[in-house]
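*Asks:* What follows is work.txt, compact mmCIF, C-alpha atoms.
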```
# COMPACT_ATOMS: atom_id res chain seq x y z
CA MET D 1205 36.55 -17.82 -18.74
CA THR D 1206 35.55 -14.29 -19.54
CA GLU D 1207 37.48 -11.33 -18.22
CA LYS D 1208 34.44 -10.32 -16.21
CA VAL D 1209 34.28 -13.66 -14.40
CA LYS D 1210 38.04 -13.65 -13.82
CA ILE D 1211 37.86 -10.20 -12.25
CA PHE D 1212 35.00 -11.36 -10.07
CA LEU D 1213 36.79 -14.51 -8.93
CA ASP D 1214 39.96 -12.50 -8.29
CA SER D 1215 38.02 -10.22 -5.98
CA ASP D 1216 37.09 -11.44 -2.50
CA THR D 1217 33.33 -11.03 -2.99
CA LEU D 1218 32.67 -14.76 -3.22
CA GLU D 1219 34.63 -15.51 -0.03
CA LYS D 1220 32.80 -12.75 1.79
CA TYR D 1221 29.49 -14.06 0.49
CA LEU D 1222 30.40 -17.54 1.72
CA LEU D 1223 30.81 -16.20 5.26
CA GLY D 1224 27.79 -13.90 5.04
CA ASP D 1225 29.96 -10.80 5.35
CA THR D 1226 28.81 -9.07 2.17
CA THR D 1227 26.80 -5.92 1.87
CA LYS D 1228 23.37 -6.25 0.28
CA GLU D 1229 24.73 -5.06 -3.07
CA GLU D 1230 27.69 -7.46 -2.93
CA ALA D 1231 25.37 -10.34 -2.02
CA LEU D 1232 23.11 -9.58 -4.98
CA LYS D 1233 26.13 -9.42 -7.26
CA ALA D 1234 27.50 -12.72 -5.94
CA GLU D 1235 24.11 -14.41 -6.35
CA ARG D 1236 23.85 -13.08 -9.89
CA TYR D 1237 27.30 -14.38 -10.84
CA ILE D 1238 26.66 -17.76 -9.19
CA ALA D 1239 23.44 -18.12 -11.15
CA MET D 1240 24.91 -16.95 -14.47
CA TYR D 1241 28.43 -18.43 -14.65
CA PRO D 1242 29.19 -22.16 -14.15
CA GLU D 1243 32.81 -21.36 -13.16
CA VAL D 1244 31.60 -19.15 -10.32
CA ARG D 1245 29.02 -21.72 -9.27
CA GLU D 1246 31.65 -24.49 -9.18
CA THR D 1247 34.03 -22.32 -7.17
CA TYR D 1248 31.28 -21.40 -4.75
CA ASN D 1249 30.29 -25.05 -4.27
CA LEU D 1250 33.95 -25.96 -3.71
CA LEU D 1251 34.28 -23.17 -1.15
CA GLN D 1252 31.18 -24.44 0.63
CA ASP D 1253 32.55 -27.99 0.73
CA ASN D 1254 35.90 -26.72 1.99
CA LEU D 1255 34.20 -24.62 4.64
CA GLU D 1256 32.22 -27.59 5.91
CA ALA D 1257 35.27 -29.84 5.95
CA TYR D 1258 37.35 -27.11 7.56
CA ALA D 1259 34.75 -26.50 10.27
CA LYS D 1260 34.40 -30.22 10.96
CA MET D 1261 38.05 -30.25 11.88
CA TYR D 1262 37.11 -28.21 14.91
CA ALA D 1263 34.14 -30.39 15.86
CA ARG D 1264 33.78 -30.72 19.59
CA ALA D 1265 31.54 -33.08 21.51
CA THR D 1266 28.51 -31.24 22.79
CA PRO D 1267 27.91 -31.37 26.52
CA GLU D 1268 25.44 -33.90 27.82
CA GLY D 1269 21.95 -32.53 28.27
CA LEU D 1270 22.42 -29.61 25.90
CA LYS D 1271 20.31 -31.26 23.23
CA GLU D 1272 17.35 -31.56 25.60
CA ILE D 1273 17.71 -27.91 26.61
CA ILE D 1274 17.79 -26.83 22.98
CA LEU D 1275 14.81 -29.01 22.06
CA TYR D 1276 12.87 -27.65 25.04
CA SER D 1277 13.74 -24.07 24.01
CA ALA D 1278 12.69 -24.73 20.42
CA ARG D 1279 9.37 -26.23 21.48
CA LYS D 1280 8.80 -23.34 23.86
CA GLU D 1281 9.58 -20.92 21.06
CA LYS D 1282 7.16 -22.75 18.79
CA ALA D 1283 4.45 -22.53 21.45
CA ILE D 1284 5.17 -18.83 21.96
CA SER D 1285 5.01 -18.32 18.20
CA ARG D 1286 1.66 -20.09 18.03
CA ARG D 1287 0.36 -18.09 20.98
CA PHE D 1288 1.70 -14.93 19.38
CA LEU D 1289 0.00 -15.92 16.14
CA ARG D 1290 -3.29 -16.40 17.96
CA TYR D 1291 -2.86 -13.04 19.69
CA ALA D 1292 -1.88 -11.48 16.38
CA VAL D 1293 -5.01 -12.85 14.71
CA ALA D 1294 -7.14 -11.68 17.63
CA ALA D 1295 -5.42 -8.31 17.60
CA SER D 1296 -5.90 -8.04 13.84
CA VAL D 1297 -9.60 -8.81 14.19
CA ALA D 1298 -9.86 -6.30 17.03
CA ILE D 1299 -8.01 -3.70 14.98
CA MET D 1300 -10.29 -4.34 12.00
CA ILE D 1301 -13.39 -4.02 14.19
CA PHE D 1302 -11.95 -0.91 15.78
CA ALA D 1303 -11.04 0.53 12.40
CA GLY D 1304 -14.49 -0.31 11.01
CA SER D 1305 -16.33 1.17 13.98
CA SER D 1306 -14.02 4.18 13.96
CA TYR D 1307 -14.88 4.77 10.35
CA VAL D 1308 -18.61 4.43 11.05
CA PHE D 1309 -18.35 6.82 14.02
CA TRP D 1310 -16.19 9.20 12.03
CA ASN D 1311 -18.69 9.12 9.20
CA GLN D 1312 -21.61 9.63 11.57
CA ASN D 1313 -19.77 12.45 13.25
CA LYS D 1314 -19.07 14.06 9.90
CA THR D 1315 -22.73 13.75 8.87
CA LEU D 1316 -23.87 15.14 12.22
CA GLN D 1317 -21.43 18.01 11.93
CA GLU D 1318 -22.75 18.80 8.47
CA GLU D 1319 -26.32 18.60 9.73
CA ASN D 1320 -25.37 20.75 12.70
CA THR D 1321 -23.86 23.37 10.43
CA MET D 1322 -26.94 23.28 8.23
CA VAL D 1323 -29.31 23.58 11.20
CA THR D 1324 -27.21 26.38 12.70
CA ASN D 1325 -27.32 28.24 9.40
CA GLN D 1326 -31.07 27.71 9.14
CA ILE D 1327 -31.59 28.95 12.69
CA LYS D 1328 -29.41 31.95 11.93
CA PHE D 1329 -31.37 32.63 8.76
CA LEU D 1330 -34.72 32.18 10.51
CA LYS D 1331 -33.59 34.41 13.34
CA GLU D 1332 -32.57 37.08 10.90
CA ASP D 1333 -35.78 36.66 8.93
CA MET D 1334 -37.88 36.75 12.10
CA LYS D 1335 -36.05 39.84 13.27
CA ASN D 1336 -36.70 41.55 9.94
CA GLN D 1337 -40.32 40.49 9.95
CA LEU D 1338 -40.83 41.68 13.52
CA GLU D 1339 -39.15 44.95 12.64
CA ASP D 1340 -41.42 45.23 9.64
CA VAL D 1341 -44.54 44.43 11.64
CA ARG D 1342 -43.46 46.89 14.30
CA ASN D 1343 -43.01 49.58 11.64
CA GLN D 1344 -46.34 48.69 10.07
CA PHE D 1345 -47.96 49.00 13.47
CA ILE D 1346 -46.29 52.37 14.03
CA VAL D 1347 -47.37 53.63 10.63
CA LEU D 1348 -50.92 52.42 10.84
CA ASN D 1349 -51.52 53.63 14.39
CA ASN D 1350 -49.65 56.86 14.34
CA PRO D 1351 -51.86 59.98 14.05
CA ASP D 1352 -49.22 61.68 11.90
CA THR D 1353 -49.55 59.01 9.23
CA LYS D 1354 -51.11 60.18 6.01
CA ARG D 1355 -53.16 57.85 3.85
CA TYR D 1356 -53.10 58.13 0.07
CA ASN D 1357 -55.43 56.22 -2.20
CA VAL D 1358 -53.72 55.20 -5.38
CA ARG D 1359 -55.67 54.44 -8.52
CA GLY D 1360 -54.41 53.06 -11.69
CA LYS D 1361 -54.77 54.52 -15.12
CA MET D 1362 -54.64 53.36 -18.68
CA GLU D 1363 -55.09 49.58 -18.87
CA ALA D 1364 -54.72 49.35 -15.08
CA LYS D 1365 -57.70 51.35 -14.04
CA GLU D 1366 -58.79 48.60 -11.70
CA LEU D 1367 -55.58 48.85 -9.76
CA LYS D 1368 -56.23 49.93 -6.20
CA ALA D 1369 -53.62 50.68 -3.64
CA VAL D 1370 -53.29 52.62 -0.40
CA ALA D 1371 -50.02 54.28 0.62
CA TYR D 1372 -49.28 55.12 4.24
CA ILE D 1373 -46.67 57.82 4.81
CA ASN D 1374 -45.42 58.99 8.18
CA PRO D 1375 -43.04 61.92 7.80
CA VAL D 1376 -42.35 62.00 11.53
CA LYS D 1377 -41.14 58.43 11.75
CA LYS D 1378 -39.92 58.57 8.19
CA LEU D 1379 -41.73 55.40 7.24
CA SER D 1380 -43.86 54.64 4.23
CA TYR D 1381 -45.85 51.57 3.21
CA ILE D 1382 -48.13 50.62 0.41
CA ASN D 1383 -50.88 48.07 0.20
CA VAL D 1384 -51.88 46.99 -3.25
CA SER D 1385 -55.37 45.64 -2.73
CA ASN D 1386 -56.44 44.98 -6.26
CA VAL D 1387 -54.37 44.16 -9.27
CA PRO D 1388 -56.01 43.92 -12.66
CA ASN D 1389 -55.39 40.88 -14.80
CA LEU D 1390 -52.59 41.23 -17.28
CA PRO D 1391 -51.51 39.06 -20.18
CA GLU D 1392 -49.25 36.19 -19.08
CA ASN D 1393 -46.15 37.85 -20.43
CA LYS D 1394 -46.72 41.06 -18.43
CA CYS D 1395 -46.50 42.01 -14.82
CA PHE D 1396 -46.75 45.01 -12.49
CA GLN D 1397 -43.53 46.29 -11.03
CA MET D 1398 -43.06 48.93 -8.32
CA TRP D 1399 -40.40 51.60 -8.30
CA ALA D 1400 -39.46 54.46 -6.02
CA GLU D 1401 -37.55 57.54 -6.96
CA VAL D 1402 -35.45 58.45 -3.99
CA ASN D 1403 -33.00 61.34 -4.15
CA GLY D 1404 -32.94 61.12 -7.94
CA GLU D 1405 -32.26 57.39 -7.96
CA LEU D 1406 -34.82 54.85 -9.18
CA VAL D 1407 -35.09 51.93 -6.81
CA ASN D 1408 -36.63 48.65 -7.93
CA LEU D 1409 -39.20 47.52 -5.30
CA GLY D 1410 -40.01 44.32 -7.10
CA VAL D 1411 -42.82 42.67 -9.03
CA ILE D 1412 -46.32 42.75 -7.53
CA LYS D 1413 -47.64 39.22 -7.40
CA GLN D 1414 -51.36 39.27 -7.80
CA LEU D 1415 -52.40 36.97 -5.02
CA ASP D 1416 -49.57 36.96 -2.56
CA ASN D 1417 -49.29 40.65 -1.93
CA LYS D 1418 -53.00 41.42 -1.70
CA ASP D 1419 -53.13 41.99 2.03
CA ASN D 1420 -49.53 42.83 2.63
CA LEU D 1421 -47.98 46.14 3.31
CA LEU D 1422 -44.95 46.72 1.22
CA ALA D 1423 -42.30 48.98 2.70
CA LEU D 1424 -41.27 51.89 0.55
CA PRO D 1425 -37.94 53.61 0.92
CA TYR D 1426 -38.64 56.90 2.66
CA ALA D 1427 -37.39 60.20 1.39
CA GLU D 1428 -38.63 63.76 1.27
CA ASN D 1429 -40.73 64.27 -1.84
CA ALA D 1430 -40.17 60.76 -3.02
CA ILE D 1431 -42.29 59.37 -5.84
CA GLY D 1432 -43.46 55.83 -6.24
CA TYR D 1433 -44.38 54.31 -9.57
CA ILE D 1434 -46.14 51.20 -10.72
CA THR D 1435 -45.31 50.15 -14.26
CA ILE D 1436 -46.30 47.33 -16.54
CA GLU D 1437 -43.22 45.38 -17.44
CA PRO D 1438 -42.39 42.14 -19.22
CA GLU D 1439 -42.90 38.99 -17.15
CA GLY D 1440 -40.27 38.63 -14.43
CA GLY D 1441 -39.68 42.34 -14.08
CA ASN D 1442 -37.35 44.84 -15.66
CA THR D 1443 -34.09 46.43 -14.64
CA ALA D 1444 -35.32 49.93 -15.47
CA PRO D 1445 -38.90 51.22 -15.52
CA THR D 1446 -40.65 51.63 -18.84
CA VAL D 1447 -41.82 55.26 -18.51
CA GLN D 1448 -44.63 55.01 -21.08
CA ASN D 1449 -46.10 52.10 -19.10
CA ILE D 1450 -46.48 53.96 -15.79
CA VAL D 1451 -49.94 53.08 -14.52
CA ALA D 1452 -49.80 54.75 -11.12
CA ASN D 1453 -47.89 57.52 -9.34
CA ILE D 1454 -47.59 57.77 -5.59
CA ASN D 1455 -46.27 61.09 -4.31
CA TYR D 1456 -45.29 61.02 -0.66
CA MET C 522 26.10 -36.04 5.75
CA SER C 523 24.17 -37.38 2.81
CA THR C 524 22.13 -35.13 0.64
CA LEU C 525 19.08 -37.23 1.43
CA ILE C 526 19.23 -36.41 5.14
CA GLU C 527 19.95 -32.79 4.32
CA LYS C 528 16.86 -32.65 2.11
CA HIS C 529 14.83 -34.35 4.80
CA ILE C 530 15.95 -31.81 7.41
CA VAL C 531 15.23 -28.93 5.06
CA SER C 532 11.70 -30.20 4.44
CA LEU C 533 11.13 -30.66 8.18
CA LEU C 534 12.39 -27.13 8.81
CA ALA C 535 10.02 -25.77 6.18
CA GLU C 536 7.15 -27.59 7.89
CA LYS C 537 8.27 -26.27 11.28
CA ASP C 538 8.52 -29.83 12.52
CA ASP C 539 10.68 -29.87 15.65
CA LYS C 540 12.19 -33.19 14.58
CA ALA C 541 14.34 -30.98 12.34
CA ILE C 542 16.08 -29.53 15.41
CA SER C 543 16.81 -32.99 16.74
CA LEU C 544 18.26 -34.11 13.40
CA LEU C 545 20.24 -30.90 13.00
CA TYR C 546 21.69 -31.36 16.44
CA ASP C 547 22.62 -34.97 15.78
CA ASN C 548 24.22 -34.21 12.43
CA TYR C 549 25.73 -30.76 12.91
CA GLY C 550 25.74 -30.18 16.67
CA ASP C 551 29.37 -31.11 17.28
CA THR C 552 30.66 -29.11 14.33
CA LEU C 553 28.64 -26.04 15.20
CA PHE C 554 29.61 -26.36 18.85
CA GLY C 555 33.24 -26.49 17.70
CA VAL C 556 32.72 -23.35 15.62
CA ALA C 557 31.11 -21.58 18.58
CA TYR C 558 33.88 -22.69 20.92
CA LYS C 559 36.56 -21.67 18.44
CA VAL C 560 35.17 -18.14 18.46
CA VAL C 561 34.31 -17.61 22.12
CA ARG C 562 37.00 -19.87 23.66
CA ASP C 563 34.78 -20.73 26.60
CA GLU C 564 32.78 -23.90 27.13
CA ASP C 565 29.84 -22.23 28.87
CA LEU C 566 29.66 -19.37 26.41
CA ALA C 567 29.86 -21.83 23.53
CA GLN C 568 26.86 -23.69 24.99
CA ASP C 569 24.91 -20.43 25.16
CA VAL C 570 25.92 -19.64 21.60
CA LEU C 571 24.82 -23.04 20.34
CA GLN C 572 21.50 -22.75 22.12
CA GLU C 573 20.89 -19.24 20.75
CA SER C 574 21.98 -20.34 17.30
CA PHE C 575 19.54 -23.23 17.24
CA ILE C 576 16.71 -20.95 18.32
CA LYS C 577 17.65 -18.54 15.51
CA ILE C 578 17.84 -21.43 13.05
CA TRP C 579 14.39 -22.53 14.23
CA LYS C 580 12.95 -19.05 13.93
CA LYS C 581 14.54 -18.38 10.54
CA ALA C 582 13.70 -21.82 9.14
CA ASP C 583 11.29 -20.28 6.64
CA SER C 584 13.98 -18.01 5.24
CA TYR C 585 16.43 -20.77 4.31
CA ASP C 586 16.85 -20.97 0.55
CA PRO C 587 18.65 -24.14 -0.65
CA SER C 588 19.38 -22.49 -3.99
CA LYS C 589 21.57 -19.86 -2.30
CA ALA C 590 23.60 -21.95 0.10
CA LYS C 591 24.13 -25.47 1.33
CA LEU C 592 22.46 -26.19 4.63
CA PHE C 593 25.77 -26.29 6.47
CA THR C 594 26.86 -22.92 5.03
CA TRP C 595 23.64 -21.38 6.32
CA LEU C 596 24.04 -23.01 9.74
CA PHE C 597 27.68 -21.93 9.90
CA ARG C 598 26.84 -18.30 9.13
CA ILE C 599 24.21 -18.15 11.87
CA THR C 600 26.41 -19.86 14.48
CA ARG C 601 29.51 -17.85 13.62
CA ASN C 602 27.67 -14.54 13.73
CA THR C 603 25.90 -15.45 16.97
CA ALA C 604 29.24 -16.40 18.52
CA ILE C 605 30.90 -13.19 17.35
CA ASP C 606 28.01 -11.13 18.73
CA LYS C 607 28.19 -13.03 22.03
CA LEU C 608 31.91 -12.49 22.28
CA ARG C 609 31.56 -8.79 21.61
CA SER C 610 28.74 -8.53 24.12
CA VAL C 611 30.75 -10.32 26.82
CA ASN C 612 33.84 -8.28 26.07
CA ASN C 613 31.86 -5.08 26.26
CA LYS C 614 30.42 -6.12 29.60
CA SER C 615 33.66 -7.20 31.16
CA ASP C 616 35.60 -4.47 29.38
CA LYS C 617 38.09 -7.00 28.21
CA GLU C 618 40.24 -6.46 25.19
CA VAL C 619 39.29 -8.49 22.15
CA GLN C 620 42.96 -8.44 21.31
CA ILE C 621 43.61 -11.15 23.92
CA ASP C 622 41.75 -13.53 21.64
CA VAL C 623 43.32 -12.08 18.57
CA SER C 624 46.77 -12.70 20.01
CA ASP C 625 45.90 -16.39 20.13
CA VAL C 626 45.97 -16.34 16.38
CA TYR C 627 49.74 -16.23 16.59
CA ASN C 628 49.96 -19.05 19.11
CA LEU C 629 48.72 -21.77 16.88
CA GLY C 630 49.73 -24.91 18.65
CA VAL C 631 49.55 -28.62 18.12
CA ASN C 632 48.11 -29.58 21.53
CA GLY C 633 44.70 -30.27 20.06
CA ILE C 634 45.84 -32.66 17.37
CA ARG C 635 43.74 -35.75 17.28
CA PRO C 636 45.57 -39.07 17.18
CA GLU C 637 43.81 -40.09 13.96
CA PHE C 638 45.45 -37.21 12.18
CA MET C 639 48.89 -37.58 13.67
CA ASP C 640 50.28 -38.89 10.40
CA VAL C 641 49.42 -35.60 8.81
CA GLN C 642 51.73 -33.82 11.21
CA GLU C 643 54.64 -34.80 9.05
CA ASN C 644 53.34 -32.53 6.37
CA LEU C 645 52.90 -29.60 8.74
CA GLU C 646 56.01 -27.89 7.50
CA LYS C 647 54.48 -27.89 4.04
CA ILE C 648 51.69 -25.59 5.15
CA GLU C 649 52.45 -22.01 5.51
CA THR C 650 50.91 -20.75 8.72
CA LYS C 651 50.38 -17.36 7.18
CA TYR C 652 47.29 -18.74 5.41
CA GLN C 653 45.94 -20.27 8.59
CA ILE C 654 46.37 -17.05 10.51
CA VAL C 655 44.30 -15.20 7.98
CA LEU C 656 41.64 -17.92 7.75
CA GLU C 657 41.28 -18.10 11.49
CA ALA C 658 41.12 -14.34 11.92
CA LEU C 659 38.38 -14.05 9.32
CA PHE C 660 36.46 -17.23 10.13
CA PHE C 661 36.58 -17.35 13.87
CA GLN C 662 37.64 -13.98 15.18
CA GLY C 663 34.92 -12.24 13.25
CA MET C 664 37.31 -9.70 11.84
CA THR C 665 36.65 -7.90 8.61
CA GLN C 666 39.46 -8.04 6.12
CA GLN C 667 40.41 -4.49 7.01
CA GLU C 668 40.45 -5.34 10.74
CA ALA C 669 42.57 -8.42 10.04
CA SER C 670 44.92 -6.25 8.02
CA ASP C 671 45.25 -3.81 10.93
CA GLU C 672 45.53 -6.43 13.66
CA LEU C 673 47.95 -8.70 11.85
CA ASP C 674 49.82 -5.79 10.32
CA ILE C 675 49.45 -7.31 6.88
CA PRO C 676 48.49 -5.23 3.84
CA LEU C 677 44.85 -5.59 2.84
CA GLY C 678 45.74 -6.93 -0.59
CA THR C 679 47.84 -9.67 1.02
CA ILE C 680 44.96 -10.59 3.35
CA LYS C 681 42.70 -10.98 0.33
CA SER C 682 45.15 -13.11 -1.57
CA ARG C 683 45.95 -15.31 1.45
CA LEU C 684 42.27 -15.87 2.07
CA LYS C 685 41.83 -16.95 -1.51
CA ILE C 686 44.80 -19.26 -1.37
CA GLY C 687 43.73 -20.60 2.00
CA LEU C 688 40.32 -21.54 0.73
CA ARG C 689 41.01 -22.51 -2.85
CA GLU C 690 44.60 -23.20 -3.59
CA LEU C 691 45.26 -25.51 -0.63
CA GLY C 692 42.58 -27.76 -1.99
CA LYS C 693 44.38 -27.88 -5.31
CA ILE C 694 47.89 -28.39 -3.88
CA TYR C 695 47.16 -31.08 -1.37
CA GLY C 696 43.73 -32.24 -2.43
CA THR C 697 40.73 -30.99 -0.55
CA THR C 698 40.68 -33.67 2.09
CA MET C 699 44.39 -33.62 2.70
CA SER C 700 44.58 -29.89 3.07
CA LEU C 701 41.69 -29.86 5.48
CA LEU C 702 43.22 -32.60 7.55
CA LEU C 703 46.37 -30.56 7.78
CA LEU C 704 44.42 -27.67 9.11
CA ILE C 705 43.49 -29.70 12.15
CA ASN C 706 47.05 -29.34 13.33
CA LEU C 707 46.27 -25.73 14.05
CA LEU C 708 43.78 -26.63 16.73
CA PRO C 709 44.93 -25.42 20.11
```
Before we go any further, please render this structure as structure tokens.
*Replies:*
Amino acid sequence: MTEKVKIFLDSDTLEKYLLGDTTKEEALKAERYIAMYPEVRETYNLLQDNLEAYAKMYARATPEGLKEIILYSARKEKAISRRFLRYAVAASVAIMIFAGSSYVFWNQNKTLQEENTMVTNQIKFLKEDMKNQLEDVRNQFIVLNNPDTKRYNVRGKMEAKELKAVAYINPVKKLSYINVSNVPNLPENKCFQMWAEVNGELVNLGVIKQLDNKDNLLALPYAENAIGYITIEPEGGNTAPTVQNIVANINY
Amino acid sequence: MSTLIEKHIVSLLAEKDDKAISLLYDNYGDTLFGVAYKVVRDEDLAQDVLQESFIKIWKKADSYDPSKAKLFTWLFRITRNTAIDKLRSVNNKSDKEVQIDVSDVYNLGVNGIRPEFMDVQENLEKIETKYQIVLEALFFQGMTQQEASDELDIPLGTIKSRLKIGLRELGKIYGTTMSLLLLINLLP
């Protein structure tokens, strides 16, 4: 017998395990020793036999009728268990359906919320755009109908002689617009770009698209003695005007 | 009980066949009732304990593992613990002192000796009651070893050694059967 087994058998772990009084750790230890060491297993079996014989010494005749009561209770318990099992299955199915539908609703809700946010943003954007457009139209109306508005015909030069534009300047309302009515054809890699010099700063007014902007009035930033330019720039526009390519000046 | 019946009961328990309860009752009912009575010291309470124990056995049937304990050991543990819980519950309710029962440990009498074991009485003086006191306190009074040490005013180490001797050494000295028969003399 190894020292380890002797120490174990000398402790009271096995006796406690026999009675079910061990902690979880002690029980695991006892089970491990019983499985690993024949001496421990034999002792444990002997203890079990002794316990049974010892307990039988105290055997006492059970009262009449107790067996029937116990059997009835057991059967009742079995029936309750079965009923509980049925309820549990039904509850599980209900929970699964509920969970599934909850997920579907949650998903739908999430999608709807996303759509709602998108629609709200679109409405906000449209509202803002509409407001700007209305403001622009209102200003155009003011400029075009105001007697103080001055009209300037702009003609192109150099390779843009066919360029025709009309600028409308109203110094009272401090508004200025330009309508580019004719844009000459340019090579594919070139485009017209508008600029305005306002208070010494050159402001990019964007590329003139040949078809789209034909009948539109383009707002110009207003300033005293401002100058507008149209230049020929590489396709897509430039960050700074190419001075030697100025094809039109608009003084307003 | 033969191993064959034990195996049969175990298989019935695993199948949740209520014939298992009937067989358990027929084969172990008296012993378990005796265990319950020994703990609670009341016929009616012992009946309740046995009934509750059988319901627990029935409910826990799936958890019984024959590789870890003999069937009786498993049944004993459940019945003993149910009885101890019942006793504590009753004592808490009636505010009685558990020590009344504990004091019985010292009054081990011979009134309960069965006639068939009367011849063993002659050997009574050979058994040291100190082992029986410890066995009874631990088995039937539900005391931990520390509690037994406190209640019986015996050092913990002595409790441990007497328990060991009570369970193992008596079997060696007198032979398992003989020693167990002698124990019957301690029945009240």
*Asks:* Would you mind listing, for every residue of chain C within 9 Å of chain D, the two atoms forming the shortest contact and the distance between them in Å to one decimal, using all atoms listed in the file, sorted by chain and ascending residue number, as a tab-separated table?
*Replies:*
```
residue	atom	partner	partner_atom	distance
C:Lys537	CA	D:Lys1282	CA	8.4
C:Asp539	CA	D:Arg1279	CA	7.0
C:Lys540	CA	D:Leu1275	CA	9.0
C:Ile542	CA	D:Leu1275	CA	6.8
C:Ser543	CA	D:Leu1275	CA	6.9
C:Tyr546	CA	D:Lys1271	CA	6.9
C:Asp547	CA	D:Lys1271	CA	8.6
C:Tyr549	CA	D:Lys1260	CA	8.9
C:Gly550	CA	D:Thr1266	CA	6.8
C:Asp551	CA	D:Arg1264	CA	5.0
C:Thr552	CA	D:Ala1263	CA	4.0
C:Leu553	CA	D:Ala1263	CA	7.0
C:Phe554	CA	D:Arg1264	CA	6.1
C:Gly555	CA	D:Ala1263	CA	4.4
C:Val556	CA	D:Ala1259	CA	6.5
C:Tyr558	CA	D:Arg1264	CA	8.1
C:Lys559	CA	D:Tyr1262	CA	7.5
C:Glu564	CA	D:Pro1267	CA	8.9
C:Gln568	CA	D:Leu1270	CA	7.5
C:Leu571	CA	D:Ile1274	CA	8.4
C:Gln572	CA	D:Ile1274	CA	5.6
C:Glu573	CA	D:Ile1274	CA	8.5
C:Phe575	CA	D:Ile1274	CA	7.0
C:Ile576	CA	D:Ala1278	CA	5.9
C:Trp579	CA	D:Ala1278	CA	6.8
C:Lys580	CA	D:Glu1281	CA	8.1
C:Lys589	CA	D:Glu1235	CA	7.2
C:Ala590	CA	D:Gln1252	CA	8.0
C:Lys591	CA	D:Gln1252	CA	7.2
C:Phe593	CA	D:Glu1256	CA	6.6
C:Thr594	CA	D:Gln1252	CA	6.4
C:Trp595	CA	D:Gly1224	CA	8.6
C:Phe597	CA	D:Leu1223	CA	8.0
C:Arg598	CA	D:Leu1223	CA	5.9
C:Ile599	CA	D:Gly1224	CA	8.8
C:Arg601	CA	D:Leu1223	CA	8.6
C:Asn602	CA	D:Gly1224	CA	8.7
C:Leu659	CA	D:Leu1223	CA	8.9
C:Phe660	CA	D:Leu1223	CA	7.5
C:Thr665	CA	D:Asp1225	CA	8.0
C:Lys681	CA	D:Asp1216	CA	6.3
C:Ser682	CA	D:Asp1216	CA	8.3
C:Leu684	CA	D:Glu1219	CA	7.9
C:Lys685	CA	D:Asp1216	CA	7.3
C:Leu688	CA	D:Leu1251	CA	6.5
C:Arg689	CA	D:Leu1251	CA	7.0
C:Gly692	CA	D:Asn1254	CA	7.8
C:Thr697	CA	D:Asn1254	CA	6.9
C:Thr698	CA	D:Ala1257	CA	7.7
C:Ser700	CA	D:Tyr1258	CA	9.0
C:Leu701	CA	D:Tyr1258	CA	5.5
C:Leu702	CA	D:Met1261	CA	7.1
C:Leu704	CA	D:Tyr1258	CA	7.3
C:Ile705	CA	D:Met1261	CA	5.5
C:Leu708	CA	D:Tyr1262	CA	7.1
```
*Asks:* Quick one: distance from CA of Glu1230 in chain D to CA of Gly687 in chain C in Å, one decimal?
*Replies:*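 It comes out at 21.3 Å.
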*Asks:* Tell me which of D:Gln1337, D:Thr1226, D:Asn1420, D:Asn1386 sits closest to Ala1364 in chain D, counting all atoms listed in the file.
*Replies:*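 Closest to Ala1364 in chain D, using all atoms listed in the file: D:Asn1386.
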*Asks:* Could you tell me how far CA of Gln1397 in chain D sits from CA of Asn1442 in chain D, in Å to one decimal place?
*Replies:* 7.9 Å
*Asks:* So how far away is CA of Thr1315 in chain D from CA of Lys1328 in chain D, in Å?
*Replies:*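 Result for CA of Lys1328 in chain D versus CA of Thr1315 in chain D: 19.6 Å, one decimal.
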*Asks:* Could you list, as number ranges by chain, every residue within 6 Å of range 1381-1383 of chain D, counting only C-alpha atoms and ignoring same-chain residues fewer than 3 positions away?
*Replies:* D: 1369-1372, 1420-1424
*Asks:* Kindly extract all protein, DNA and RNA residues lying within 12 Å of the coordinates (-40.1, 55.5, -18.7) given in the file, considering only C-alpha atoms, and supply them as a PyMOL selection string.
*Replies:* chain D and resi 1399+1406+1433-1437+1442-1451
*Asks:* With only C-alpha atoms as the atoms that count, which of C:Ile686, C:Leu656, C:Thr600, C:Met664 lies nearest to Ala557 in chain C?
*Replies:*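 Of the candidates, the smallest distance to Ala557 in chain C is held by C:Thr600.
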